[in-house]
file model.txt (compact mmCIF, C-alpha atoms)
# COMPACT_ATOMS: atom_id res chain seq x y z
CA MET H 1 -5.14 -12.28 15.26
CA SER H 2 -7.97 -9.81 15.52
CA SER H 3 -10.71 -9.81 13.00
CA LEU H 4 -10.45 -6.58 11.04
CA ARG H 5 -12.16 -6.16 7.70
CA PHE H 6 -10.53 -3.77 5.25
CA TYR H 7 -10.92 -2.89 1.60
CA ASP H 8 -8.37 -3.06 -1.19
CA VAL H 9 -8.70 -1.19 -4.50
CA THR H 10 -6.18 -1.27 -7.34
CA LEU H 11 -6.36 1.47 -9.96
CA ASP H 12 -4.84 1.75 -13.42
CA ALA H 13 -3.32 4.92 -14.89
CA ALA H 14 -6.69 6.07 -16.20
CA GLY H 15 -8.27 5.81 -12.74
CA ASN H 16 -10.24 2.68 -13.59
CA ILE H 17 -10.62 0.08 -10.88
CA ARG H 18 -8.61 -3.01 -11.87
CA SER H 19 -9.57 -4.95 -8.77
CA ARG H 20 -11.61 -4.54 -5.61
CA ARG H 21 -11.27 -6.93 -2.73
CA THR H 22 -12.32 -7.18 0.89
CA HIS H 23 -9.96 -8.80 3.39
CA ASP H 24 -10.29 -10.02 6.95
CA ALA H 25 -6.99 -9.76 8.82
CA ALA H 26 -7.90 -12.89 10.79
CA THR H 27 -7.68 -14.98 7.61
CA LEU H 28 -4.12 -13.88 6.78
CA ARG H 29 -1.03 -15.79 7.89
CA PRO H 30 -0.12 -14.24 11.26
CA ALA H 31 3.62 -14.63 10.58
CA ALA H 32 3.31 -12.68 7.32
CA VAL H 33 1.47 -9.81 9.00
CA GLU H 34 3.96 -9.84 11.89
CA ILE H 35 6.84 -9.18 9.44
CA PHE H 36 5.33 -5.77 8.69
CA ARG H 37 4.35 -5.01 12.29
CA ASP H 38 7.98 -5.68 13.21
CA LEU H 39 9.18 -3.28 10.48
CA PHE H 40 6.98 -0.51 11.94
CA GLU H 41 8.35 -1.13 15.42
CA ARG H 42 12.00 -1.30 14.33
CA HIS H 43 12.04 1.54 11.80
CA GLY H 44 9.36 3.99 12.94
CA GLU H 45 7.51 6.57 10.90
CA GLY H 46 9.55 6.51 7.69
CA PHE H 47 11.89 3.95 6.19
CA ARG H 48 13.07 2.15 3.08
CA VAL H 49 14.33 -1.36 3.80
CA PRO H 50 14.59 -4.75 2.10
CA LEU H 51 11.88 -7.22 3.08
CA PRO H 52 13.34 -9.37 5.86
CA VAL H 53 12.19 -12.61 4.26
CA GLU H 54 14.55 -15.19 2.83
CA GLY H 55 14.34 -15.03 -0.96
CA LEU H 56 12.55 -11.66 -0.98
CA GLU H 57 15.44 -9.41 0.08
CA HIS H 58 15.50 -7.98 -3.47
CA ILE H 59 12.14 -6.29 -2.74
CA GLU H 60 12.30 -3.06 -0.76
CA LEU H 61 9.49 -1.32 1.09
CA ALA H 62 9.48 2.44 1.50
CA LEU H 63 6.90 3.63 4.01
CA SER H 64 6.11 7.10 5.24
CA ARG H 65 3.48 7.79 7.87
CA SER H 66 1.48 10.99 7.75
CA GLY H 67 -0.69 11.41 10.83
CA THR H 68 -2.94 8.36 11.01
CA THR H 69 -2.24 7.30 7.41
CA ALA H 70 0.72 6.02 5.42
CA LEU H 71 2.12 5.92 1.93
CA ALA H 72 3.97 2.78 0.83
CA THR H 73 6.00 1.98 -2.28
CA PHE H 74 7.44 -1.41 -3.17
CA TRP H 75 10.73 -1.26 -5.10
CA VAL H 76 12.51 -3.99 -7.04
CA GLY H 77 15.94 -3.53 -8.61
CA GLY H 78 15.92 0.19 -7.78
CA ALA H 79 12.62 0.78 -9.61
CA PRO H 80 9.25 1.45 -8.00
CA VAL H 81 6.70 -1.27 -8.77
CA THR H 82 3.60 -0.14 -6.87
CA THR H 83 2.65 2.76 -4.64
CA SER H 84 -0.20 2.67 -2.15
CA ALA H 85 -2.14 4.79 0.32
CA LEU H 86 -3.22 3.24 3.61
CA LEU H 87 -6.36 5.00 4.83
CA PRO H 88 -7.76 3.79 8.17
CA GLY H 89 -10.56 6.37 8.22
CA ILE H 90 -9.67 7.87 11.61
CA SER H 91 -9.14 11.38 10.27
CA PRO H 92 -10.70 12.59 7.01
CA GLU H 93 -8.01 15.30 6.87
CA ASP H 94 -5.19 12.74 7.11
CA ASP H 95 -6.91 10.52 4.51
CA ARG H 96 -7.20 13.49 2.14
CA GLU H 97 -3.56 14.47 2.71
CA VAL H 98 -2.22 11.00 1.90
CA LEU H 99 -4.45 10.73 -1.19
CA GLU H 100 -2.97 14.05 -2.37
CA LEU H 101 0.52 12.64 -1.75
CA LEU H 102 -0.35 9.46 -3.65
CA GLN H 103 -1.68 11.57 -6.53
CA SER H 104 1.59 13.55 -6.60
CA LEU H 105 3.67 10.36 -6.55
CA VAL H 106 1.64 8.82 -9.36
CA VAL H 107 2.06 11.94 -11.50
CA HIS H 108 5.81 11.91 -10.72
CA PHE H 109 6.28 8.21 -11.48
CA PHE H 110 4.27 8.45 -14.70
CA GLY H 111 6.18 11.62 -15.72
CA ASP H 112 8.56 9.84 -18.11
CA SER H 113 5.91 7.43 -19.31
CA PRO H 114 3.82 7.73 -22.46
CA VAL H 115 0.85 7.04 -20.16
CA GLU H 116 -0.52 10.10 -18.41
CA PRO H 117 -2.50 9.57 -15.22
CA GLY H 118 -6.06 10.45 -16.08
CA PHE H 119 -7.74 10.69 -12.71
CA ASP H 120 -8.06 12.70 -9.54
CA LEU H 121 -7.93 10.42 -6.50
CA LEU H 122 -9.87 12.91 -4.40
CA SER H 123 -12.85 12.81 -6.74
CA LEU H 124 -13.16 9.02 -7.07
CA SER H 125 -16.35 8.08 -5.23
CA ASP H 126 -15.34 4.40 -5.27
CA LEU H 127 -12.72 5.16 -2.61
CA SER H 128 -15.08 5.92 0.27
CA ASP H 129 -14.82 2.60 2.16
CA ARG H 130 -12.54 2.53 5.23
CA PRO H 131 -10.13 1.15 6.21
CA LEU H 132 -8.83 1.20 2.64
CA LEU H 133 -5.68 0.23 0.76
CA VAL H 134 -5.46 2.08 -2.58
CA THR H 135 -2.74 0.80 -4.92
CA VAL H 136 -1.49 2.05 -8.28
CA PRO H 137 0.92 -0.20 -10.21
CA LEU H 138 3.60 1.97 -11.74
CA PRO H 139 4.21 2.35 -15.47
CA LEU H 140 7.59 0.71 -15.80
CA PRO H 141 7.27 -2.90 -16.78
CA PRO H 142 8.04 -4.96 -13.70
CA PRO H 143 11.40 -6.70 -13.71
CA HIS H 144 11.43 -9.96 -15.62
CA GLY H 145 10.28 -12.85 -13.47
CA LEU H 146 8.73 -10.69 -10.74
CA ASP H 147 5.52 -12.21 -9.43
CA MET H 148 3.15 -9.24 -9.07
CA GLY H 149 0.82 -11.52 -7.09
CA MET H 150 3.56 -11.76 -4.46
CA ILE H 151 3.71 -7.95 -4.30
CA ALA H 152 -0.09 -7.83 -3.95
CA ASP H 153 0.10 -10.35 -1.09
CA ALA H 154 2.79 -8.25 0.60
CA GLU H 155 0.62 -5.14 0.22
CA THR H 156 -2.30 -6.98 1.83
CA CYS H 157 -0.21 -8.08 4.82
CA LEU H 158 1.30 -4.60 5.10
CA ALA H 159 -2.19 -3.06 5.15
CA ALA H 160 -3.42 -5.53 7.78
CA ALA H 161 -0.41 -4.79 10.00
CA PHE H 162 -0.80 -1.04 9.58
CA PHE H 163 -4.55 -0.98 10.19
CA LEU H 164 -4.22 -3.23 13.23
CA SER H 165 -1.51 -0.95 14.62
CA VAL H 166 -3.49 2.30 14.19
CA LEU H 167 -7.00 0.97 14.83
CA GLY H 168 -6.00 -1.37 17.64
CA GLY H 169 -6.02 -5.10 17.60
CA ASP H 170 -4.24 -8.06 19.02
CA GLY H 171 -1.01 -9.28 17.57
CA PRO H 172 -0.74 -12.66 15.93

call {"tool": "encode", "arguments": {"input": "model.txt", "output": "structure tokens"}}
result
Amino acid sequence: MSSLRFYDVTLDAAGNIRSRRTHDAATLRPAAVEIFRDLFERHGEGFRVPLPVEGLEHIELALSRSGTTALATFWVGGAPVTTSALLPGISPEDDREVLELLQSLVVHFFGDSPVEPGFDLLSLSDLSDRPLLVTVPLPLPPPHGLDMGMIADAETCLAAAFFLSVLGGDGP
């Protein structure tokens, strides 16, 4: 698999950075990244499907592409668990548009929550690195027994597959 370095930032509802990581796609399991590349090829620009992995079918991925960027939400038991923007940095206009969409989704998902989102994604200077995965865990408590680390791993593989597909790169 091609070496592609990308950044990964997770925010809380107040806009604080909960984690910041750097990934190299070449260090990820090729089969895991290929699962998401296959979903893009089979389902196109927008879809919501269960993960095609034995034992993980209860997790759904909703993905919508907007120009060179994408917005992804992982769902479990009919409830959204995380939502993310995938920003390859090809087009500043596309990056801005998907950050605005992510902001709208976060406000919507936090609408019935006692927690009010206290940030503006477009003004966060810590989000300038590209390619970038920006994730916001959603306010509902995750379903009992859900391993959020597994969701984070899926987001990482999703981002690698997406960035490799839009920025170019060899398959696994």

call {"tool": "atom_distance", "arguments": {"input": "model.txt", "atom1": "atom CA of His108 of chain H", "atom2": "atom CA of Ala13 of chain H"}}
result
12.2 Å

call {"tool": "residues_around", "arguments": {"input": "model.txt", "residues": "Leu11 of chain H", "least_positions_apart": "5", "cutoff": "8 Å", "atoms": "only C-alpha atoms", "output": "MDAnalysis selection string"}}
result
chainID H and resid 16:19 134:137

call {"tool": "closest_residue", "arguments": {"input": "model.txt", "among": "H:Leu51, H:Gly77, H:Arg130, H:Val98", "to": "Ser64 of chain H", "atoms": "only C-alpha atoms"}}
result
H:Val98

call {"tool": "atom_distance", "arguments": {"input": "model.txt", "atom1": "atom CA of Arg65 of chain H", "atom2": "atom CA of Asp38 of chain H"}}
result
15.2 Å

call {"tool": "closest_residue", "arguments": {"input": "model.txt", "among": "H:Leu86, H:Val166, H:Val81, H:Leu4", "to": "Leu28 of chain H", "atoms": "only C-alpha atoms"}}
result
H:Leu4

call {"tool": "closest_residue", "arguments": {"input": "model.txt", "among": "H:Leu56, H:Ala154, H:Leu87, H:Ala161", "to": "Glu41 of chain H", "atoms": "only C-alpha atoms"}}
result
H:Ala161

call {"tool": "atom_distance", "arguments": {"input": "model.txt", "atom1": "atom CA of Asp126 of chain H", "atom2": "atom CA of Thr22 of chain H"}}
result
13.5 Å

call {"tool": "closest_residue", "arguments": {"input": "model.txt", "among": "H:Leu167, H:Ala79, H:Ala160, H:Leu101", "to": "Pro142 of chain H", "atoms": "all atoms listed in the file"}}
result
H:Ala79

call {"tool": "closest_residue", "arguments": {"input": "model.txt", "among": "H:Glu54, H:Val76, H:Ser104, H:Thr68", "to": "Gly145 of chain H", "atoms": "all atoms listed in the file"}}
result
H:Val76

call {"tool": "closest_residue", "arguments": {"input": "model.txt", "among": "H:Phe163, H:Phe74, H:Phe47, H:Phe36", "to": "Phe6 of chain H", "atoms": "all atoms listed in the file"}}
result
H:Phe163

call {"tool": "residues_around", "arguments": {"input": "model.txt", "residues": "Ser66 of chain H", "least_positions_apart": "5", "cutoff": "8 Å", "atoms": "all atoms listed in the file", "output": "list of chain:residue names"}}
result
H:Leu71, H:Asp94, H:Glu97, H:Val98

call {"tool": "axis_aligned_box", "arguments": {"input": "model.txt", "around": "segment 54-65 of chain H", "padding_each_side": "6 Å", "output": "JSON"}}
result
{"center_x": 9.5, "center_y": -3.7, "center_z": 2.2, "size_x": 24.0, "size_y": 35.0, "size_z": 23.3}

call {"tool": "residues_around", "arguments": {"input": "model.txt", "residues": "His23 of chain H", "least_positions_apart": "2", "cutoff": "10 Å", "atoms": "all atoms listed in the file", "output": "list in words"}}
result
Ser3, Leu4, Arg5, Phe6, Tyr7, Asp8, Arg21, Ala25, Ala26, Thr27, Leu28, Thr156, Cys157, Ala159 and Ala160 of chain H
